[in-house]
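Shown next: my_file_33.cif, given as mmCIF, C-alpha atoms.
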data_entry
loop_
_atom_site.label_atom_id
_atom_site.label_comp_id
_atom_site.auth_asym_id
_atom_site.auth_seq_id
_atom_site.Cartn_x
_atom_site.Cartn_y
_atom_site.Cartn_z
CA MET A 1 82.61 85.96 79.05
CA GLU A 2 79.31 86.78 77.37
CA LEU A 3 81.05 89.32 75.13
CA ILE A 4 83.46 86.66 73.88
CA ALA A 5 80.61 84.21 73.25
CA ASP A 6 78.65 86.87 71.35
CA PHE A 7 81.67 87.74 69.25
CA TRP A 8 82.29 84.07 68.48
CA ARG A 9 78.65 83.63 67.39
CA PHE A 10 78.93 86.73 65.22
CA LEU A 11 82.02 85.36 63.48
CA LYS A 12 80.37 81.98 62.99
CA GLU A 13 77.05 83.25 61.64
CA ARG A 14 78.35 86.07 59.45
CA LYS A 15 81.44 84.17 58.18
CA LYS A 16 83.74 87.06 59.14
CA TRP A 17 86.76 84.90 59.89
CA TRP A 18 89.14 87.57 58.59
CA LEU A 19 88.37 89.65 61.71
CA LEU A 20 89.90 87.07 64.05
CA PRO A 21 93.61 87.65 63.16
CA ILE A 22 93.13 91.41 63.34
CA LEU A 23 91.55 91.17 66.78
CA LEU A 24 94.24 88.80 68.06
CA THR A 25 97.02 91.08 66.79
CA LEU A 26 95.48 94.11 68.47
CA LEU A 27 95.03 92.15 71.68
CA LEU A 28 98.65 90.98 71.68
CA LEU A 29 99.94 94.50 71.01
CA GLY A 30 97.81 95.83 73.87
CA VAL A 31 99.14 93.19 76.24
CA LEU A 32 102.71 93.93 75.13
CA MET A 33 102.24 97.65 75.79
CA ILE A 34 100.70 97.03 79.22
CA MET A 35 103.36 94.54 80.29
CA THR A 36 106.30 96.73 79.23
CA SER A 37 104.95 100.08 80.45
CA GLY A 38 106.45 99.67 83.91
CA SER A 39 109.76 98.23 82.82
CA ALA A 40 112.90 99.64 81.28
CA LEU A 41 111.72 98.42 77.86
CA GLY A 42 108.75 100.79 77.87
CA PRO A 43 110.38 103.73 76.07
CA PHE A 44 111.82 101.44 73.42
CA ILE A 45 108.48 99.73 72.73
CA TYR A 46 106.63 103.06 72.44
CA THR A 47 109.10 104.35 69.84
CA LEU A 48 108.02 101.52 67.54
CA PHE A 49 104.50 102.92 67.41
#

Let's see the structure in the file written out as structure tokens.
Amino acid sequence: MELIADFWRFLKERKKWWLLPILLTLLLLGVLMIMTSGSALGPFIYTLF
């Protein structure tokens, strides 16, 4: 949790708000890849990347 708080303070102090959508997109793609790796959709998801 400290990492998230530090990142939030960094965004707030440095006014780097454009990093937030990039980080959220990467996080969602990572979750999608982890969730579908054990299912039948895995091979189809990996062909997109």

Original post:
If you measure from CA of Lys16 (chain A) to CA of Ile34 (chain A), what distance in Å do you get, rounded to one decimal?
Top reply: 28.1 Å

**OP:** Could you check how far CA of Glu2 (chain A) sits from CA of Arg14 (chain A), in Å to one decimal?
**Re:** 18.0 Å

Original post:
Between CA of Ile22 (chain A) and CA of Phe10 (chain A), what is the distance, to one decimal in Å?
Top reply: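 Going from CA of Ile22 (chain A) over to CA of Phe10 (chain A), I get 15.1 Å.
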